[in-house]
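> Here you go, this is protein.csv (CSV, N, CA and C atoms).
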```
chain,number,residue,atom,x,y,z
A,1165,MET,N,3.4,-25.5,-126.3
A,1165,MET,CA,3.1,-24.2,-125.9
A,1165,MET,C,4.3,-23.5,-125.3
A,1166,ILE,N,4.4,-22.3,-125.6
A,1166,ILE,CA,5.4,-21.4,-125.0
A,1166,ILE,C,4.8,-20.6,-123.9
A,1167,ARG,N,5.5,-20.6,-122.7
A,1167,ARG,CA,5.1,-19.7,-121.6
A,1167,ARG,C,6.0,-18.5,-121.6
A,1168,ILE,N,5.4,-17.4,-121.2
A,1168,ILE,CA,6.2,-16.1,-121.2
A,1168,ILE,C,6.3,-15.7,-119.7
A,1169,ARG,N,7.6,-15.3,-119.4
A,1169,ARG,CA,7.9,-14.9,-118.1
A,1169,ARG,C,8.5,-13.5,-118.2
A,1170,VAL,N,7.9,-12.6,-117.3
A,1170,VAL,CA,8.4,-11.2,-117.2
A,1170,VAL,C,8.8,-11.0,-115.8
A,1171,ASP,N,10.0,-10.5,-115.6
A,1171,ASP,CA,10.6,-10.3,-114.2
A,1171,ASP,C,10.5,-8.8,-113.8
A,1172,ASP,N,10.8,-8.6,-112.5
A,1172,ASP,CA,11.1,-7.3,-112.0
A,1172,ASP,C,10.0,-6.3,-111.9
A,1173,PHE,N,8.8,-6.8,-111.5
A,1173,PHE,CA,7.7,-5.8,-111.3
A,1173,PHE,C,7.7,-5.4,-109.8
A,1174,PRO,N,7.7,-4.2,-109.5
A,1174,PRO,CA,7.6,-3.0,-110.3
A,1174,PRO,C,8.9,-2.5,-110.9
A,1175,GLN,N,10.0,-2.8,-110.3
A,1175,GLN,CA,11.3,-2.4,-110.7
A,1175,GLN,C,12.4,-2.9,-109.8
A,1176,THR,N,13.7,-2.8,-110.2
A,1176,THR,CA,14.7,-3.3,-109.4
A,1176,THR,C,15.7,-2.3,-108.9
A,1177,LYS,N,15.9,-1.3,-109.7
A,1177,LYS,CA,17.0,-0.3,-109.3
A,1177,LYS,C,16.4,1.2,-109.4
A,1178,GLY,N,15.1,1.3,-109.3
A,1178,GLY,CA,14.6,2.7,-109.4
A,1178,GLY,C,14.7,3.3,-110.8
A,1179,GLU,N,14.7,2.4,-111.8
A,1179,GLU,CA,14.8,2.9,-113.2
A,1179,GLU,C,13.7,3.9,-113.5
A,1180,PRO,N,14.0,5.1,-114.0
A,1180,PRO,CA,13.0,6.1,-114.2
A,1180,PRO,C,11.9,5.6,-115.3
A,1181,GLN,N,12.3,4.8,-116.2
A,1181,GLN,CA,11.4,4.3,-117.2
A,1181,GLN,C,10.4,3.3,-116.7
A,1182,HIS,N,10.7,2.7,-115.5
A,1182,HIS,CA,9.8,1.6,-115.0
A,1182,HIS,C,8.7,2.2,-114.1
A,1183,THR,N,7.8,2.9,-114.7
A,1183,THR,CA,6.7,3.5,-114.0
A,1183,THR,C,5.5,2.5,-114.1
A,1184,LEU,N,4.5,2.7,-113.3
A,1184,LEU,CA,3.3,1.9,-113.3
A,1184,LEU,C,2.6,2.1,-114.7
A,1185,GLN,N,2.6,3.4,-115.1
A,1185,GLN,CA,1.9,3.6,-116.4
A,1185,GLN,C,2.6,2.9,-117.6
A,1186,ALA,N,4.0,2.9,-117.6
A,1186,ALA,CA,4.7,2.2,-118.6
A,1186,ALA,C,4.4,0.7,-118.5
A,1187,PHE,N,4.4,0.2,-117.3
A,1187,PHE,CA,4.1,-1.3,-117.2
A,1187,PHE,C,2.6,-1.6,-117.7
A,1188,ARG,N,1.7,-0.7,-117.3
A,1188,ARG,CA,0.3,-0.8,-117.7
A,1188,ARG,C,0.2,-0.9,-119.3
A,1189,GLU,N,1.0,-0.1,-120.0
A,1189,GLU,CA,1.0,-0.1,-121.4
A,1189,GLU,C,1.7,-1.4,-121.9
A,1190,PHE,N,2.8,-1.8,-121.3
A,1190,PHE,CA,3.4,-3.0,-121.7
A,1190,PHE,C,2.5,-4.2,-121.5
A,1191,HIS,N,1.8,-4.3,-120.4
A,1191,HIS,CA,0.9,-5.4,-120.1
A,1191,HIS,C,-0.2,-5.4,-121.1
A,1192,ARG,N,-0.8,-4.3,-121.5
A,1192,ARG,CA,-1.8,-4.3,-122.5
A,1192,ARG,C,-1.3,-4.8,-123.8
A,1193,GLU,N,-0.2,-4.3,-124.3
A,1193,GLU,CA,0.4,-4.8,-125.5
A,1193,GLU,C,0.7,-6.3,-125.5
A,1194,LEU,N,1.4,-6.7,-124.5
A,1194,LEU,CA,1.8,-8.1,-124.4
A,1194,LEU,C,0.5,-9.0,-124.3
A,1195,SER,N,-0.4,-8.6,-123.6
A,1195,SER,CA,-1.7,-9.4,-123.5
A,1195,SER,C,-2.3,-9.6,-124.8
A,1196,ALA,N,-2.4,-8.5,-125.6
A,1196,ALA,CA,-3.0,-8.5,-126.9
A,1196,ALA,C,-2.2,-9.4,-127.8
A,1197,LEU,N,-0.8,-9.3,-127.8
A,1197,LEU,CA,0.0,-10.2,-128.6
A,1197,LEU,C,-0.1,-11.6,-128.4
A,1198,ILE,N,-0.3,-12.0,-127.1
A,1198,ILE,CA,-0.4,-13.4,-126.8
A,1198,ILE,C,-1.9,-13.9,-126.7
A,1199,GLY,N,-2.8,-13.1,-127.2
A,1199,GLY,CA,-4.1,-13.5,-127.3
A,1199,GLY,C,-4.9,-13.6,-126.0
A,1200,GLY,N,-4.5,-12.8,-125.0
A,1200,GLY,CA,-5.1,-12.8,-123.7
A,1200,GLY,C,-4.7,-14.0,-122.8
A,1201,HIS,N,-3.8,-14.8,-123.2
A,1201,HIS,CA,-3.3,-15.9,-122.4
A,1201,HIS,C,-2.5,-15.2,-121.2
A,1202,ARG,N,-2.5,-16.0,-120.1
A,1202,ARG,CA,-1.8,-15.5,-118.9
A,1202,ARG,C,-0.3,-15.7,-119.1
A,1203,TYR,N,0.5,-14.8,-118.5
A,1203,TYR,CA,1.9,-14.9,-118.5
A,1203,TYR,C,2.4,-14.9,-117.0
A,1204,LEU,N,3.6,-15.3,-116.8
A,1204,LEU,CA,4.1,-15.3,-115.4
A,1204,LEU,C,4.8,-14.0,-115.2
A,1205,LEU,N,4.4,-13.3,-114.1
A,1205,LEU,CA,5.0,-12.0,-113.7
A,1205,LEU,C,5.8,-12.2,-112.4
A,1206,GLY,N,7.1,-11.9,-112.5
A,1206,GLY,CA,7.9,-11.9,-111.3
A,1206,GLY,C,7.8,-10.7,-110.5
A,1207,VAL,N,7.1,-10.8,-109.4
A,1207,VAL,CA,6.7,-9.6,-108.6
A,1207,VAL,C,7.7,-9.5,-107.4
A,1208,ILE,N,8.2,-8.3,-107.1
A,1208,ILE,CA,9.1,-8.1,-106.0
A,1208,ILE,C,8.2,-7.4,-104.9
A,1209,PRO,N,7.7,-8.1,-103.9
A,1209,PRO,CA,6.8,-7.5,-102.9
A,1209,PRO,C,7.4,-6.4,-102.2
A,1210,GLY,N,8.7,-6.4,-101.8
A,1210,GLY,CA,9.3,-5.3,-101.0
A,1210,GLY,C,9.5,-4.0,-101.8
A,1211,ARG,N,9.2,-4.0,-103.1
A,1211,ARG,CA,9.3,-2.8,-103.9
A,1211,ARG,C,8.0,-2.3,-104.4
A,1212,MET,N,6.9,-2.9,-103.9
A,1212,MET,CA,5.6,-2.5,-104.4
A,1212,MET,C,5.0,-1.5,-103.5
A,1213,GLY,N,4.2,-0.6,-104.1
A,1213,GLY,CA,3.4,0.3,-103.4
A,1213,GLY,C,1.9,0.0,-103.5
A,1214,VAL,N,1.1,0.7,-102.9
A,1214,VAL,CA,-0.4,0.5,-103.0
A,1214,VAL,C,-0.9,0.5,-104.4
A,1215,ASP,N,-0.4,1.4,-105.2
A,1215,ASP,CA,-0.9,1.5,-106.6
A,1215,ASP,C,-0.5,0.2,-107.4
A,1216,ASP,N,0.7,-0.3,-107.1
A,1216,ASP,CA,1.1,-1.5,-107.8
A,1216,ASP,C,0.2,-2.7,-107.4
A,1217,VAL,N,-0.1,-2.8,-106.1
A,1217,VAL,CA,-1.0,-3.9,-105.6
A,1217,VAL,C,-2.3,-3.7,-106.3
A,1218,LEU,N,-2.9,-2.6,-106.3
A,1218,LEU,CA,-4.2,-2.4,-106.9
A,1218,LEU,C,-4.2,-2.7,-108.4
A,1219,PHE,N,-3.2,-2.3,-109.1
A,1219,PHE,CA,-3.1,-2.7,-110.5
A,1219,PHE,C,-3.1,-4.2,-110.7
A,1220,LEU,N,-2.3,-4.9,-109.9
A,1220,LEU,CA,-2.3,-6.4,-110.1
A,1220,LEU,C,-3.6,-7.0,-109.7
A,1221,ARG,N,-4.2,-6.5,-108.6
A,1221,ARG,CA,-5.5,-7.0,-108.2
A,1221,ARG,C,-6.6,-6.8,-109.1
A,1222,ASN,N,-6.7,-5.5,-109.6
A,1222,ASN,CA,-7.9,-5.1,-110.4
A,1222,ASN,C,-7.7,-5.1,-111.9
A,1223,GLU,N,-6.5,-5.0,-112.4
A,1223,GLU,CA,-6.3,-4.8,-113.8
A,1223,GLU,C,-5.6,-6.0,-114.5
A,1224,THR,N,-5.2,-7.0,-113.8
A,1224,THR,CA,-4.5,-8.1,-114.5
A,1224,THR,C,-5.0,-9.4,-114.1
A,1225,ASP,N,-4.7,-10.4,-114.9
A,1225,ASP,CA,-5.0,-11.8,-114.5
A,1225,ASP,C,-3.7,-12.6,-114.8
A,1226,VAL,N,-2.6,-12.0,-114.5
A,1226,VAL,CA,-1.3,-12.7,-114.7
A,1226,VAL,C,-1.1,-13.8,-113.6
A,1227,VAL,N,-0.2,-14.7,-113.9
A,1227,VAL,CA,0.2,-15.7,-112.9
A,1227,VAL,C,1.3,-14.9,-112.1
A,1228,ILE,N,1.1,-14.9,-110.8
A,1228,ILE,CA,2.0,-14.2,-109.9
A,1228,ILE,C,3.1,-15.1,-109.4
A,1229,GLY,N,4.4,-14.7,-109.6
A,1229,GLY,CA,5.5,-15.4,-109.0
A,1229,GLY,C,6.2,-14.4,-108.1
A,1230,MET,N,6.7,-14.9,-107.0
A,1230,MET,CA,7.4,-14.0,-106.1
A,1230,MET,C,8.9,-14.0,-106.5
A,1231,HIS,N,9.3,-12.8,-107.0
A,1231,HIS,CA,10.7,-12.7,-107.5
A,1231,HIS,C,11.6,-12.1,-106.5
A,1232,GLY,N,11.8,-12.9,-105.4
A,1232,GLY,CA,12.5,-12.5,-104.3
A,1232,GLY,C,11.6,-11.7,-103.3
A,1233,ILE,N,12.2,-11.2,-102.3
A,1233,ILE,CA,11.4,-10.4,-101.3
A,1233,ILE,C,11.7,-8.9,-101.5
A,1234,HIS,N,12.9,-8.5,-101.6
A,1234,HIS,CA,13.3,-7.1,-101.8
A,1234,HIS,C,14.2,-7.0,-103.0
A,1235,HIS,N,14.7,-8.1,-103.6
A,1235,HIS,CA,15.6,-8.0,-104.7
A,1235,HIS,C,16.7,-7.0,-104.4
A,1236,ASP,N,17.3,-7.1,-103.3
A,1236,ASP,CA,18.3,-6.2,-102.8
A,1236,ASP,C,19.6,-6.4,-103.6
A,1237,GLU,N,19.9,-5.4,-104.4
A,1237,GLU,CA,21.1,-5.5,-105.3
A,1237,GLU,C,22.4,-5.6,-104.5
A,1238,THR,N,22.5,-4.9,-103.4
A,1238,THR,CA,23.7,-4.9,-102.6
A,1238,THR,C,23.9,-6.3,-102.1
A,1239,LYS,N,22.9,-6.9,-101.5
A,1239,LYS,CA,23.0,-8.3,-100.9
A,1239,LYS,C,23.3,-9.3,-102.1
A,1240,LEU,N,22.7,-9.1,-103.2
A,1240,LEU,CA,23.0,-10.0,-104.3
A,1240,LEU,C,24.4,-9.9,-104.8
A,1241,ASP,N,24.9,-8.7,-104.8
A,1241,ASP,CA,26.3,-8.5,-105.2
A,1241,ASP,C,27.3,-9.1,-104.2
A,1242,ILE,N,27.0,-9.0,-102.9
A,1242,ILE,CA,27.9,-9.5,-101.9
A,1242,ILE,C,27.8,-11.0,-101.7
A,1243,TYR,N,26.5,-11.5,-101.5
A,1243,TYR,CA,26.3,-12.9,-101.1
A,1243,TYR,C,25.9,-13.8,-102.3
A,1244,GLN,N,25.6,-13.2,-103.4
A,1244,GLN,CA,25.1,-14.0,-104.6
A,1244,GLN,C,23.8,-14.7,-104.2
A,1245,ASN,N,23.1,-14.1,-103.3
A,1245,ASN,CA,21.8,-14.6,-102.9
A,1245,ASN,C,21.1,-13.4,-102.2
A,1246,GLU,N,19.8,-13.4,-102.1
A,1246,GLU,CA,19.1,-12.4,-101.4
A,1246,GLU,C,19.2,-12.6,-99.9
A,1247,PHE,N,19.4,-13.8,-99.4
A,1247,PHE,CA,19.5,-14.1,-98.0
A,1247,PHE,C,20.9,-14.2,-97.6
A,1248,PRO,N,21.4,-13.4,-96.6
A,1248,PRO,CA,22.8,-13.5,-96.2
A,1248,PRO,C,23.1,-14.9,-95.6
A,1249,PRO,N,24.4,-15.3,-95.6
A,1249,PRO,CA,24.7,-16.6,-95.1
A,1249,PRO,C,24.5,-16.9,-93.7
A,1250,TYR,N,24.4,-15.8,-92.9
A,1250,TYR,CA,24.2,-16.0,-91.4
A,1250,TYR,C,22.7,-16.3,-91.1
A,1251,MET,N,21.8,-16.2,-92.1
A,1251,MET,CA,20.4,-16.5,-91.9
A,1251,MET,C,20.2,-18.1,-91.9
A,1252,SER,N,19.5,-18.6,-91.0
A,1252,SER,CA,19.3,-20.0,-90.9
A,1252,SER,C,18.3,-20.4,-92.0
A,1253,ARG,N,18.2,-21.7,-92.3
A,1253,ARG,CA,17.3,-22.2,-93.3
A,1253,ARG,C,15.8,-21.9,-92.8
A,1254,ASN,N,15.6,-22.1,-91.5
A,1254,ASN,CA,14.3,-21.8,-91.0
A,1254,ASN,C,13.9,-20.3,-91.2
A,1255,GLU,N,14.8,-19.4,-91.0
A,1255,GLU,CA,14.5,-18.0,-91.1
A,1255,GLU,C,14.3,-17.6,-92.6
A,1256,VAL,N,15.0,-18.2,-93.5
A,1256,VAL,CA,14.8,-18.0,-94.9
A,1256,VAL,C,13.4,-18.5,-95.3
A,1257,ALA,N,13.0,-19.7,-94.8
A,1257,ALA,CA,11.7,-20.3,-95.1
A,1257,ALA,C,10.6,-19.4,-94.5
A,1258,ARG,N,10.8,-18.9,-93.3
A,1258,ARG,CA,9.8,-18.1,-92.7
A,1258,ARG,C,9.6,-16.8,-93.5
A,1259,GLN,N,10.6,-16.2,-93.9
A,1259,GLN,CA,10.5,-14.9,-94.7
A,1259,GLN,C,9.8,-15.2,-96.0
A,1260,ILE,N,10.2,-16.3,-96.7
A,1260,ILE,CA,9.5,-16.6,-98.0
A,1260,ILE,C,8.0,-16.9,-97.8
A,1261,ILE,N,7.7,-17.7,-96.8
A,1261,ILE,CA,6.3,-18.1,-96.6
A,1261,ILE,C,5.5,-16.9,-96.2
A,1262,GLU,N,6.0,-16.1,-95.2
A,1262,GLU,CA,5.2,-15.0,-94.8
A,1262,GLU,C,5.0,-14.0,-95.9
A,1263,THR,N,6.0,-13.7,-96.7
A,1263,THR,CA,5.9,-12.7,-97.7
A,1263,THR,C,5.0,-13.2,-98.8
A,1264,ALA,N,5.1,-14.5,-99.1
A,1264,ALA,CA,4.1,-15.1,-100.1
A,1264,ALA,C,2.7,-15.0,-99.7
A,1265,GLY,N,2.4,-15.2,-98.4
A,1265,GLY,CA,1.1,-15.1,-97.9
A,1265,GLY,C,0.6,-13.7,-97.9
A,1266,ALA,N,1.4,-12.7,-97.6
A,1266,ALA,CA,1.0,-11.3,-97.6
A,1266,ALA,C,0.8,-10.9,-99.0
A,1267,LEU,N,1.6,-11.4,-100.0
A,1267,LEU,CA,1.4,-11.0,-101.4
A,1267,LEU,C,0.1,-11.6,-101.9
A,1268,GLU,N,-0.2,-12.9,-101.5
A,1268,GLU,CA,-1.5,-13.5,-101.9
A,1268,GLU,C,-2.7,-12.7,-101.4
A,1269,ASN,N,-2.6,-12.3,-100.2
A,1269,ASN,CA,-3.7,-11.5,-99.6
A,1269,ASN,C,-3.8,-10.2,-100.3
A,1270,ALA,N,-2.7,-9.6,-100.6
A,1270,ALA,CA,-2.8,-8.2,-101.3
A,1270,ALA,C,-3.3,-8.3,-102.7
A,1271,VAL,N,-2.9,-9.3,-103.5
A,1271,VAL,CA,-3.3,-9.3,-104.9
A,1271,VAL,C,-4.5,-10.2,-105.1
A,1272,GLY,N,-4.9,-11.0,-104.1
A,1272,GLY,CA,-6.1,-11.8,-104.3
A,1272,GLY,C,-6.0,-13.0,-105.1
A,1273,ARG,N,-4.8,-13.5,-105.3
A,1273,ARG,CA,-4.6,-14.8,-106.0
A,1273,ARG,C,-3.5,-15.6,-105.4
A,1274,LYS,N,-3.4,-16.9,-105.7
A,1274,LYS,CA,-2.4,-17.7,-105.2
A,1274,LYS,C,-1.0,-17.3,-105.7
A,1275,VAL,N,0.0,-17.5,-104.8
A,1275,VAL,CA,1.4,-17.3,-105.2
A,1275,VAL,C,2.1,-18.6,-104.9
A,1276,GLN,N,2.4,-19.4,-105.9
A,1276,GLN,CA,2.9,-20.7,-105.7
A,1276,GLN,C,4.3,-20.8,-106.3
A,1277,LEU,N,4.9,-19.8,-106.8
A,1277,LEU,CA,6.2,-19.8,-107.5
A,1277,LEU,C,7.1,-18.8,-106.8
A,1278,TYR,N,8.3,-19.3,-106.5
A,1278,TYR,CA,9.4,-18.4,-106.1
A,1278,TYR,C,10.5,-18.4,-107.1
A,1279,MET,N,10.8,-17.2,-107.6
A,1279,MET,CA,11.8,-17.0,-108.6
A,1279,MET,C,12.9,-16.2,-108.0
A,1280,PRO,N,14.0,-16.8,-107.7
A,1280,PRO,CA,15.1,-16.1,-107.1
A,1280,PRO,C,15.7,-14.9,-107.9
A,1281,PRO,N,15.9,-13.8,-107.3
A,1281,PRO,CA,16.5,-12.7,-108.0
A,1281,PRO,C,17.8,-13.1,-108.7
A,1282,ARG,N,18.0,-12.6,-109.9
A,1282,ARG,CA,19.2,-13.0,-110.7
A,1282,ARG,C,19.3,-14.5,-110.9
A,1283,ASN,N,18.3,-15.2,-110.6
A,1283,ASN,CA,18.3,-16.7,-110.8
A,1283,ASN,C,19.4,-17.3,-109.9
A,1284,LEU,N,19.7,-16.7,-108.8
A,1284,LEU,CA,20.8,-17.1,-107.9
A,1284,LEU,C,20.1,-17.7,-106.7
A,1285,ILE,N,20.4,-19.0,-106.3
A,1285,ILE,CA,19.7,-19.7,-105.2
A,1285,ILE,C,20.8,-20.6,-104.6
A,1286,ASP,N,20.6,-20.8,-103.3
A,1286,ASP,CA,21.5,-21.7,-102.5
A,1286,ASP,C,20.7,-22.8,-101.9
A,1287,HIS,N,21.3,-23.8,-101.2
A,1287,HIS,CA,20.7,-24.9,-100.6
A,1287,HIS,C,19.7,-24.5,-99.5
A,1288,ARG,N,20.0,-23.5,-98.7
A,1288,ARG,CA,19.1,-23.1,-97.7
A,1288,ARG,C,17.7,-22.6,-98.3
A,1289,THR,N,17.8,-21.9,-99.4
A,1289,THR,CA,16.6,-21.3,-100.0
A,1289,THR,C,15.8,-22.4,-100.7
A,1290,VAL,N,16.5,-23.4,-101.3
A,1290,VAL,CA,15.8,-24.5,-101.9
A,1290,VAL,C,15.1,-25.3,-100.8
A,1291,ALA,N,15.8,-25.6,-99.7
A,1291,ALA,CA,15.2,-26.4,-98.6
A,1291,ALA,C,13.9,-25.7,-98.1
```
Starting from the file, give its structure as structure tokens.

Amino acid sequence: MIRIRVDDFPQTKGEPQHTLQAFREFHRELSALIGGHRYLLGVIPGRMGVDDVLFLRNETDVVIGMHGIHHDETKLDIYQNEFPPYMSRNEVARQIIETAGALENAVGRKVQLYMPPRNLIDHRTVA
């Protein structure tokens, strides 16, 4: 079986083509192509608005993965990680756990996957 992963919902850099309506159409087409099977969607909680949350909650049955917290491009460029080096392991864990819990509550389904932005991760984040 092949699993499909889609990253960067709702967007990462404010790309004008990344609208909720465009994603809605993409989701509809992808779901049809894969026979209604679930796919993994990398969601960036810090970039979501109310309409994005309602879309995920009411119009999809995707597997939700947390694709970072803010997917902050500046921090990623500087630190090669979403979490600056001065943050302790406990602070990184607290932010991930609290954000995952809030995302679970918002979309109404479990969030059990953390997908680091740009696939960059360090020992603190893994711990």
> What does the structure give for the distance between CA of Val1271 in chain A and atom N of Arg1258 in chain A, in Å to one decimal?
20.6 Å
> Under the rule that only C-alpha atoms are counted, which of A:Arg1202, A:Gly1210, A:Arg1192, A:Pro1249 is the nearest residue to Pro1174 in chain A?
A:Gly1210
> Determine, counting only N, CA and C atoms, which protein, DNA and RNA residues have an atom within 8 Å of an atom of Leu1220 in chain A; residues of the same chain fewer than 6 positions away are not included. Present the result as a PyMOL selection string.
chain A and resi 1214+1226+1270-1273
> Pick out the closest residue to Gly1232 in chain A from this set: A:Ser1195, A:Gln1276, A:Thr1263, A:Gln1185. Count only C-alpha atoms.
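Of A:Ser1195, A:Gln1276, A:Thr1263, A:Gln1185, the one nearest Gly1232 in chain A, counting only C-alpha atoms, is A:Thr1263.
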> Between CA of Ile1168 in chain A and CA of His1234 in chain A, what is the distance, to one decimal in Å?
22.5 Å
> Can you work out the spacing between CA of Asp1236 in chain A and atom C of Thr1176 in chain A in Å, to one decimal?
7.7 Å
> Given the point (12.0, -11.1, -109.7) in the coordinates of this file, which residues lie within 6 Å, counting only N, CA and C atoms, and how would they look as JSON, numbers by chain?
{"A": [1171, 1172, 1173, 1206, 1207, 1208, 1230, 1231, 1232, 1279, 1280, 1281]}
> Could you dump the residues just selected with N, CA and C atoms as a compact mmCIF listing (two decimals), in the frame of the given file?

```txt
# COMPACT_ATOMS: atom_id res chain seq x y z
N ASP A 1171 10.00 -10.50 -115.60
CA ASP A 1171 10.60 -10.30 -114.20
C ASP A 1171 10.50 -8.80 -113.80
N ASP A 1172 10.80 -8.60 -112.50
CA ASP A 1172 11.10 -7.30 -112.00
C ASP A 1172 10.00 -6.30 -111.90
N PHE A 1173 8.80 -6.80 -111.50
CA PHE A 1173 7.70 -5.80 -111.30
C PHE A 1173 7.70 -5.40 -109.80
N GLY A 1206 7.10 -11.90 -112.50
CA GLY A 1206 7.90 -11.90 -111.30
C GLY A 1206 7.80 -10.70 -110.50
N VAL A 1207 7.10 -10.80 -109.40
CA VAL A 1207 6.70 -9.60 -108.60
C VAL A 1207 7.70 -9.50 -107.40
N ILE A 1208 8.20 -8.30 -107.10
CA ILE A 1208 9.10 -8.10 -106.00
C ILE A 1208 8.20 -7.40 -104.90
N MET A 1230 6.70 -14.90 -107.00
CA MET A 1230 7.40 -14.00 -106.10
C MET A 1230 8.90 -14.00 -106.50
N HIS A 1231 9.30 -12.80 -107.00
CA HIS A 1231 10.70 -12.70 -107.50
C HIS A 1231 11.60 -12.10 -106.50
N GLY A 1232 11.80 -12.90 -105.40
CA GLY A 1232 12.50 -12.50 -104.30
C GLY A 1232 11.60 -11.70 -103.30
N MET A 1279 10.80 -17.20 -107.60
CA MET A 1279 11.80 -17.00 -108.60
C MET A 1279 12.90 -16.20 -108.00
N PRO A 1280 14.00 -16.80 -107.70
CA PRO A 1280 15.10 -16.10 -107.10
C PRO A 1280 15.70 -14.90 -107.90
N PRO A 1281 15.90 -13.80 -107.30
CA PRO A 1281 16.50 -12.70 -108.00
C PRO A 1281 17.80 -13.10 -108.70
```
> When DSSP is applied to the backbone of this structure, which of chain A are assigned helix (DSSP H, G or I)? Write them out as a PyMOL selection string.
chain A and resi 1184-1197+1209-1211+1214-1223+1237-1243+1253-1271+1281-1283+1287-1290
> List as a list of chain:residue names the protein and nucleic acid residues near range 1251-1255 of chain A, meaning an atom at most 8 Å away when all atoms listed in the file are counted, but skip any in the same chain fewer than 2 places from it.
A:Phe1247, A:Pro1248, A:Pro1249, A:Ala1257, A:Arg1258, A:Gln1259, A:Ile1260, A:Ile1261, A:His1287, A:Arg1288, A:Thr1289, A:Ala1291
